[in-house]
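Q: I am sharing upload35.cif, which consists of mmCIF, C-alpha atoms:
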```
data_upload
#
loop_
_atom_site.group_PDB
_atom_site.id
_atom_site.type_symbol
_atom_site.label_atom_id
_atom_site.label_comp_id
_atom_site.auth_asym_id
_atom_site.auth_seq_id
_atom_site.Cartn_x
_atom_site.Cartn_y
_atom_site.Cartn_z
ATOM 1 C CA MET A 1 23.452 40.781 34.406
ATOM 2 C CA GLN A 2 25.906 43.217 32.842
ATOM 3 C CA ILE A 3 27.021 42.051 29.403
ATOM 4 C CA PHE A 4 28.632 45.203 27.998
ATOM 5 C CA ASP A 5 32.323 46.058 28.252
ATOM 6 C CA ASN A 6 32.309 49.426 30.037
ATOM 7 C CA ASP A 7 35.655 50.502 28.592
ATOM 8 C CA ILE A 8 34.336 49.973 25.071
ATOM 9 C CA LEU A 9 31.096 51.793 25.905
ATOM 10 C CA THR A 10 32.977 54.818 27.216
ATOM 11 C CA LYS A 11 35.283 54.959 24.187
ATOM 12 C CA PHE A 12 32.341 54.529 21.836
ATOM 13 C CA ILE A 13 30.478 57.485 23.349
ATOM 14 C CA GLU A 14 33.515 59.695 22.943
ATOM 15 C CA LYS A 15 34.692 58.492 19.527
ATOM 16 C CA PHE A 16 31.891 57.137 17.333
ATOM 17 C CA PHE A 17 29.974 59.572 15.110
ATOM 18 C CA GLY A 18 28.467 57.538 12.284
ATOM 19 C CA TYR A 19 29.072 56.389 8.732
ATOM 20 C CA GLY A 20 30.165 57.601 5.342
ATOM 21 C CA ASN A 21 32.558 60.323 4.292
ATOM 22 C CA TYR A 22 33.244 63.471 6.307
ATOM 23 C CA LYS A 23 34.491 65.111 3.094
ATOM 24 C CA GLY A 24 31.150 64.650 1.356
ATOM 25 C CA PRO A 25 29.162 67.850 0.756
ATOM 26 C CA ILE A 26 25.974 66.524 2.401
ATOM 27 C CA TRP A 27 25.700 65.536 6.059
ATOM 28 C CA PHE A 28 22.630 63.981 7.635
ATOM 29 C CA ILE A 29 22.478 64.218 11.428
ATOM 30 C CA GLY A 30 19.987 62.118 13.370
ATOM 31 C CA MET A 31 19.179 61.418 17.003
ATOM 32 C CA GLU A 32 20.817 58.027 17.610
ATOM 33 C CA PRO A 33 21.347 54.624 15.955
ATOM 34 C CA GLY A 34 18.610 52.044 16.121
ATOM 35 C CA ALA A 35 19.201 48.591 17.583
ATOM 36 C CA PRO A 36 17.593 45.198 18.175
ATOM 37 C CA ARG A 37 16.026 44.571 21.577
ATOM 38 C CA ASP A 38 18.406 41.735 22.492
ATOM 39 C CA LYS A 39 21.322 43.153 24.497
ATOM 40 C CA LYS A 40 23.631 40.380 23.288
ATOM 41 C CA LYS A 41 23.011 41.519 19.728
ATOM 42 C CA ILE A 42 23.690 45.131 20.697
ATOM 43 C CA LYS A 43 26.942 44.013 22.347
ATOM 44 C CA ARG A 44 28.010 42.553 19.012
ATOM 45 C CA PHE A 45 27.680 46.062 17.538
ATOM 46 C CA PHE A 46 30.312 47.360 19.989
ATOM 47 C CA ASP A 47 32.602 44.327 19.659
ATOM 48 C CA VAL A 48 32.754 44.744 15.882
ATOM 49 C CA TRP A 49 33.432 48.472 16.244
ATOM 50 C CA LYS A 50 36.418 47.647 18.453
ATOM 51 C CA ASP A 51 37.634 44.959 16.030
ATOM 52 C CA ARG A 52 37.392 47.465 13.174
ATOM 53 C CA GLY A 53 39.855 49.781 14.935
ATOM 54 C CA GLU A 54 37.399 52.017 16.828
ATOM 55 C CA PRO A 55 36.759 54.400 13.896
ATOM 56 C CA GLU A 56 34.891 57.615 14.557
ATOM 57 C CA ILE A 57 33.231 57.289 11.158
ATOM 58 C CA ASP A 58 32.842 53.884 9.523
ATOM 59 C CA ASP A 59 31.542 52.200 6.389
ATOM 60 C CA VAL A 60 27.940 51.256 7.142
ATOM 61 C CA LYS A 61 27.792 48.243 4.820
ATOM 62 C CA LYS A 62 31.094 46.674 5.828
ATOM 63 C CA SER A 63 30.502 47.206 9.528
ATOM 64 C CA HIS A 64 26.934 45.871 9.443
ATOM 65 C CA LEU A 65 27.973 42.779 7.498
ATOM 66 C CA ASP A 66 30.816 42.207 9.965
ATOM 67 C CA ILE A 67 28.303 42.170 12.818
ATOM 68 C CA GLY A 68 26.829 39.098 11.165
ATOM 69 C CA ILE A 69 23.386 39.337 12.790
ATOM 70 C CA LYS A 70 20.214 39.389 10.685
ATOM 71 C CA HIS A 71 19.015 42.709 12.147
ATOM 72 C CA TYR A 72 22.064 44.330 10.524
ATOM 73 C CA THR A 73 22.970 42.102 7.566
ATOM 74 C CA GLU A 74 19.464 41.995 6.064
ATOM 75 C CA LEU A 75 19.843 45.670 5.152
ATOM 76 C CA PHE A 76 22.690 44.854 2.751
ATOM 77 C CA ASN A 77 22.084 41.373 1.330
ATOM 78 C CA TYR A 78 21.059 40.459 -2.226
ATOM 79 C CA ASN A 79 17.468 41.560 -1.525
ATOM 80 C CA PRO A 80 17.937 44.209 1.192
ATOM 81 C CA LYS A 81 15.195 45.042 3.660
ATOM 82 C CA TYR A 82 13.934 48.581 3.149
ATOM 83 C CA GLN A 83 14.987 50.768 6.073
ATOM 84 C CA ARG A 84 12.445 53.580 6.395
ATOM 85 C CA THR A 85 14.688 56.298 7.804
ATOM 86 C CA TRP A 86 17.444 55.587 5.321
ATOM 87 C CA GLY A 87 14.862 55.343 2.552
ATOM 88 C CA GLY A 88 13.779 58.918 3.220
ATOM 89 C CA LEU A 89 17.362 60.165 3.229
ATOM 90 C CA ILE A 90 18.100 58.329 -0.014
ATOM 91 C CA LYS A 91 15.072 59.964 -1.624
ATOM 92 C CA ILE A 92 16.502 63.358 -0.647
ATOM 93 C CA LEU A 93 19.816 62.381 -2.264
ATOM 94 C CA PHE A 94 17.988 61.282 -5.415
ATOM 95 C CA TYR A 95 15.980 64.503 -5.630
ATOM 96 C CA ALA A 96 19.114 66.570 -4.953
ATOM 97 C CA ASP A 97 20.791 64.760 -7.847
ATOM 98 C CA GLY A 98 17.901 65.598 -10.159
ATOM 99 C CA GLU A 99 16.455 62.073 -10.099
ATOM 100 C CA ASN A 100 12.697 62.456 -9.772
ATOM 101 C CA HIS A 101 11.565 59.037 -10.977
ATOM 102 C CA PHE A 102 12.698 56.043 -8.967
ATOM 103 C CA SER A 103 11.285 52.885 -7.460
ATOM 104 C CA THR A 104 11.543 51.204 -4.083
ATOM 105 C CA GLU A 105 13.957 48.776 -5.727
ATOM 106 C CA ASP A 106 16.161 51.711 -6.778
ATOM 107 C CA ILE A 107 16.209 52.920 -3.169
ATOM 108 C CA LYS A 108 17.049 49.462 -1.817
ATOM 109 C CA LYS A 109 19.842 49.098 -4.366
ATOM 110 C CA TYR A 110 21.328 52.436 -3.304
ATOM 111 C CA GLN A 111 20.966 51.459 0.366
ATOM 112 C CA SER A 112 22.888 48.253 -0.232
ATOM 113 C CA SER A 113 25.567 49.575 -2.556
ATOM 114 C CA LYS A 114 26.178 53.291 -1.875
ATOM 115 C CA LEU A 115 24.700 54.543 1.385
ATOM 116 C CA GLY A 116 27.097 55.626 4.127
ATOM 117 C CA GLN A 117 30.228 54.170 2.585
ATOM 118 C CA THR A 118 33.721 55.596 2.859
ATOM 119 C CA ASN A 119 33.641 56.904 -0.736
ATOM 120 C CA SER A 120 30.109 58.343 -0.493
ATOM 121 C CA ASP A 121 29.219 61.968 -1.204
ATOM 122 C CA HIS A 122 27.566 62.168 2.215
ATOM 123 C CA CYS A 123 27.821 61.018 5.796
ATOM 124 C CA LEU A 124 25.334 59.867 8.421
ATOM 125 C CA ILE A 125 26.100 61.404 11.811
ATOM 126 C CA GLU A 126 24.455 60.536 15.137
ATOM 127 C CA LEU A 127 23.924 63.210 17.775
ATOM 128 C CA LEU A 128 23.876 60.567 20.495
ATOM 129 C CA PRO A 129 26.034 57.511 19.841
ATOM 130 C CA LEU A 130 24.616 54.553 21.803
ATOM 131 C CA PRO A 131 22.270 52.352 19.774
ATOM 132 C CA SER A 132 18.821 51.804 21.236
ATOM 133 C CA PRO A 133 15.625 50.007 20.114
ATOM 134 C CA GLY A 134 13.567 53.114 20.926
ATOM 135 C CA THR A 135 13.345 56.265 23.014
ATOM 136 C CA LYS A 136 11.384 54.492 25.751
ATOM 137 C CA ILE A 137 13.889 51.620 26.015
ATOM 138 C CA TRP A 138 17.264 51.973 27.733
ATOM 139 C CA PRO A 139 19.558 48.918 27.500
ATOM 140 C CA TYR A 140 22.429 50.414 29.514
ATOM 141 C CA SER A 141 20.908 50.967 32.975
ATOM 142 C CA LYS A 142 22.776 48.054 34.591
ATOM 143 C CA THR A 143 26.272 48.885 33.341
ATOM 144 C CA GLY A 144 27.280 50.490 36.631
ATOM 145 C CA ILE A 145 28.305 53.645 34.762
ATOM 146 C CA LYS A 146 26.529 56.427 36.645
ATOM 147 C CA GLU A 147 26.194 58.585 33.521
ATOM 148 C CA LEU A 148 24.214 55.760 31.895
ATOM 149 C CA LYS A 149 21.822 54.914 34.712
ATOM 150 C CA ASP A 150 18.899 56.186 32.626
ATOM 151 C CA ARG A 151 18.291 58.011 29.361
ATOM 152 C CA LYS A 152 17.701 61.371 31.061
ATOM 153 C CA VAL A 153 21.082 61.333 32.816
ATOM 154 C CA TYR A 154 22.794 60.065 29.650
ATOM 155 C CA LYS A 155 21.380 62.935 27.596
ATOM 156 C CA SER A 156 22.135 65.628 30.155
ATOM 157 C CA THR A 157 25.705 64.336 30.506
ATOM 158 C CA TYR A 158 26.652 63.703 26.904
ATOM 159 C CA LEU A 159 24.557 66.017 24.730
ATOM 160 C CA PRO A 160 26.685 69.112 25.491
ATOM 161 C CA LEU A 161 29.882 67.153 24.778
ATOM 162 C CA ARG A 162 28.579 65.637 21.567
ATOM 163 C CA ILE A 163 27.312 68.987 20.306
ATOM 164 C CA GLU A 164 30.740 70.552 20.793
ATOM 165 C CA LEU A 165 32.509 67.620 19.114
ATOM 166 C CA ILE A 166 30.183 67.728 16.098
ATOM 167 C CA LYS A 167 30.663 71.500 15.832
ATOM 168 C CA GLU A 168 34.420 70.916 15.700
ATOM 169 C CA ARG A 169 34.005 68.464 12.834
ATOM 170 C CA ILE A 170 31.725 70.823 10.911
ATOM 171 C CA LYS A 171 34.346 73.550 11.291
ATOM 172 C CA LYS A 172 37.089 71.186 10.110
ATOM 173 C CA TYR A 173 35.372 69.556 7.108
ATOM 174 C CA LYS A 174 33.005 72.355 6.034
ATOM 175 C CA PRO A 175 30.151 70.418 4.412
ATOM 176 C CA LYS A 176 27.893 72.420 2.114
ATOM 177 C CA VAL A 177 24.565 71.150 3.464
ATOM 178 C CA ILE A 178 23.558 69.667 6.824
ATOM 179 C CA VAL A 179 20.148 68.042 7.184
ATOM 180 C CA PHE A 180 18.990 67.420 10.742
ATOM 181 C CA TYR A 181 16.171 64.898 10.791
ATOM 182 C CA SER A 182 13.814 65.174 13.769
ATOM 183 C CA LEU A 183 11.773 68.264 14.461
ATOM 184 C CA SER A 184 11.378 67.205 18.106
ATOM 185 C CA TYR A 185 15.134 67.699 18.617
ATOM 186 C CA ILE A 186 15.152 71.222 17.212
ATOM 187 C CA LYS A 187 16.443 72.804 20.434
ATOM 188 C CA HIS A 188 19.529 70.585 20.186
ATOM 189 C CA TRP A 189 19.989 71.445 16.510
ATOM 190 C CA GLN A 190 19.753 75.131 17.463
ATOM 191 C CA ASN A 191 22.338 74.616 20.194
ATOM 192 C CA LEU A 192 24.607 72.993 17.628
ATOM 193 C CA LEU A 193 24.128 75.805 15.125
ATOM 194 C CA GLY A 194 24.192 78.579 17.709
ATOM 195 C CA LYS A 195 21.105 80.348 16.402
ATOM 196 C CA ASP A 196 17.424 79.788 15.669
ATOM 197 C CA PHE A 197 15.981 78.191 12.561
ATOM 198 C CA MET A 198 13.296 79.941 10.555
ATOM 199 C CA LEU A 199 10.251 78.234 9.105
ATOM 200 C CA TYR A 200 10.783 77.805 5.361
ATOM 201 C CA LYS A 201 7.601 75.974 4.404
ATOM 202 C CA LYS A 202 4.947 73.558 5.594
ATOM 203 C CA ILE A 203 4.126 70.667 3.291
ATOM 204 C CA ASP A 204 1.427 68.158 4.221
ATOM 205 C CA ASN A 205 1.412 69.734 7.684
ATOM 206 C CA GLN A 206 5.129 68.978 8.176
ATOM 207 C CA LYS A 207 7.594 71.815 8.699
ATOM 208 C CA ILE A 208 10.858 72.438 6.902
ATOM 209 C CA MET A 209 13.099 74.733 8.929
ATOM 210 C CA ARG A 210 16.227 76.380 7.556
ATOM 211 C CA ALA A 211 19.196 78.584 8.391
ATOM 212 C CA GLU A 212 22.492 79.539 6.774
ATOM 213 C CA GLU A 213 25.795 80.105 8.508
ATOM 214 C CA ASN A 214 29.300 80.377 7.016
ATOM 215 C CA SER A 215 27.970 79.365 3.572
ATOM 216 C CA ILE A 216 26.491 76.144 4.990
ATOM 217 C CA LEU A 217 22.779 75.440 4.507
ATOM 218 C CA TYR A 218 21.212 73.890 7.623
ATOM 219 C CA LEU A 219 17.809 72.222 7.339
ATOM 220 C CA VAL A 220 15.616 70.649 10.009
ATOM 221 C CA ILE A 221 13.111 68.145 8.678
ATOM 222 C CA ALA A 222 10.619 65.627 10.028
ATOM 223 C CA GLN A 223 11.855 62.155 10.921
ATOM 224 C CA PRO A 224 11.626 60.297 7.563
ATOM 225 C CA SER A 225 10.379 57.081 9.164
ATOM 226 C CA GLN A 226 7.207 58.838 10.329
ATOM 227 C CA GLY A 227 5.381 58.792 7.038
ATOM 228 C CA VAL A 228 6.567 61.984 5.338
ATOM 229 C CA SER A 229 5.428 62.380 1.744
ATOM 230 C CA ASN A 230 7.534 62.288 -1.400
ATOM 231 C CA LYS A 231 6.342 65.840 -2.074
ATOM 232 C CA TYR A 232 7.903 66.912 1.234
ATOM 233 C CA LEU A 233 11.183 65.078 0.596
ATOM 234 C CA ALA A 234 11.323 66.421 -2.965
ATOM 235 C CA LYS A 235 11.231 69.982 -1.630
ATOM 236 C CA VAL A 236 14.070 69.161 0.784
ATOM 237 C CA GLY A 237 16.043 67.661 -2.100
ATOM 238 C CA GLU A 238 15.372 70.753 -4.199
ATOM 239 C CA LEU A 239 16.768 73.012 -1.458
ATOM 240 C CA VAL A 240 19.853 70.822 -1.189
ATOM 241 C CA LYS A 241 20.325 70.867 -4.977
ATOM 242 C CA GLN A 242 19.987 74.647 -5.182
ATOM 243 C CA HIS A 243 22.577 75.194 -2.489
ATOM 244 C CA LEU A 244 25.051 72.713 -3.959
ATOM 245 C CA GLU A 245 24.821 74.516 -7.305
ATOM 246 C CA LYS A 246 25.678 77.934 -5.854
#
```
As structure tokens, how would this structure be written, given the file I've shared?
A:
Amino acid sequence: MQIFDNDILTKFIEKFFGYGNYKGPIWFIGMEPGAPRDKKKIKRFFDVWKDRGEPEIDDVKKSHLDIGIKHYTELFNYNPKYQRTWGGLIKILFYADGENHFSTEDIKKYQSSKLGQTNSDHCLIELLPLPSPGTKIWPYSKTGIKELKDRKVYKSTYLPLRIELIKERIKKYKPKVIVFYSLSYIKHWQNLLGKDFMLYKKIDNQKIMRAEENSILYLVIAQPSQGVSNKYLAKVGELVKQHLEK
């Protein structure tokens, strides 16, 4: 049974890029949004996006609370659930701001009150827009949209488009630092940059890749949810801090 509105899906793919503030100096770019397994709950994600005026970049807290489903709201309530990917990105922001001593509660407080909001000093961009519970799960196969029949077709169809659209936004807003998180997607990050990354350092057997172009520092780091160390994230934060201070 098809439960998604295909018109909304098509618009979402073309228009939605993430959360936060394009004018912030730090951009994080990941693979795609996560999602619950229940398709009806995923549908709510799209319905709220439409109700919020179909923004290409939204406020993560307001939009998630508007969805009104535990999977989303529990990240922003009075005792927010720690989100591992976001937690790693927040640590980078802390280190880049010279904050080297912080607790899990500090991270959760930042997640709930500052992350990805319209007045933030950063934004959270998604290379691919459709939310999914995981790379081996594809909720959109029965939409009837031929470009969405499986993940492979979806990626081959929309990755080139999304890369060009993100490049346009980088050119327009000129962030100072862009952190791509996922080493397994490095060929797509290189396509977006237009040149290869060089290995900067290995910490705890995890690579940090870097490049500079038009005064922008580009970093490729390991997916933060996959158990990267604070030592690793501190080095990333140090690189961000150094570049922002130039």
Q: Tell me which protein, DNA and RNA residues are within 8 Å of range 108-116 of chain A, counting only C-alpha atoms, leaving out same-chain ones fewer than 4 positions away, and put them as a PyMOL selection string.
A: chain A and resi 19-21+59-61+75-77+79-82+86-87+90+104+120+122-124
Q: Enter the distance from CA of Tyr181 in chain A to CA of Ile208 in chain A, in Å, rounded to one decimal.
A: 10.0 Å
Q: For this structure, which residues satisfy the selection - the PyMOL selection byres ((chain A and resi 232) around 9) - when it is evaluated on the file as given? I want them as a PDB file with C-alpha atoms, keeping the file's coordinate frame.
A:
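What landed in expr.pdb:
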```
ATOM      1  CA  LYS A 202       4.947  73.558   5.594  1.00  0.00           C
ATOM      2  CA  ILE A 203       4.126  70.667   3.291  1.00  0.00           C
ATOM      3  CA  ASP A 204       1.427  68.158   4.221  1.00  0.00           C
ATOM      4  CA  GLN A 206       5.129  68.978   8.176  1.00  0.00           C
ATOM      5  CA  LYS A 207       7.594  71.815   8.699  1.00  0.00           C
ATOM      6  CA  ILE A 208      10.858  72.438   6.902  1.00  0.00           C
ATOM      7  CA  VAL A 228       6.567  61.984   5.338  1.00  0.00           C
ATOM      8  CA  SER A 229       5.428  62.380   1.744  1.00  0.00           C
ATOM      9  CA  ASN A 230       7.534  62.288  -1.400  1.00  0.00           C
ATOM     10  CA  LYS A 231       6.342  65.840  -2.074  1.00  0.00           C
ATOM     11  CA  LEU A 233      11.183  65.078   0.596  1.00  0.00           C
ATOM     12  CA  ALA A 234      11.323  66.421  -2.965  1.00  0.00           C
ATOM     13  CA  LYS A 235      11.231  69.982  -1.630  1.00  0.00           C
ATOM     14  CA  VAL A 236      14.070  69.161   0.784  1.00  0.00           C
ATOM     15  CA  GLY A 237      16.043  67.661  -2.100  1.00  0.00           C
TER      16      GLY A 237
END
```
Q: With a distance cut-off of 8 Å and all atoms listed in the file, select the neighbouring residues of Pro133 in chain A, excluding the residue or stretch itself and same-chain residues fewer than 4 positions from it, and output the selection as a list of chain:residue names.
A: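 Counting all atoms listed in the file, the residues come to A:Gly34, A:Ala35, A:Pro36, A:Arg37, A:Ile137.
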Q: Could you jot down the CA of Asp51 in chain A to CA of Thr118 in chain A separation for me, Å, one decimal place?
A: 17.4 Å
Q: Applied to this file, what does the PyMOL selection byres ((chain A and resi 9) around 10) return in terms of residues, put as a PyMOL selection string?
A: chain A and resi 4-8+10-15+43+46-47+129-130+140+143+145+148
Q: Can you tell me how far CA of Lys142 in chain A sits from CA of Tyr72 in chain A, in Å to one decimal?
A: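 Pair CA of Lys142 in chain A / CA of Tyr72 in chain A returns 24.4 Å.
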Q: Find the spatial neighbours of Thr73 in chain A, counting all atoms listed in the file, within a cut-off of 7 Å - ignore same-chain residues fewer than 5 positions away - and output them as a list of chain:residue names.
A: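 Answer for this query is A:His64, A:Leu65, A:Gly68.
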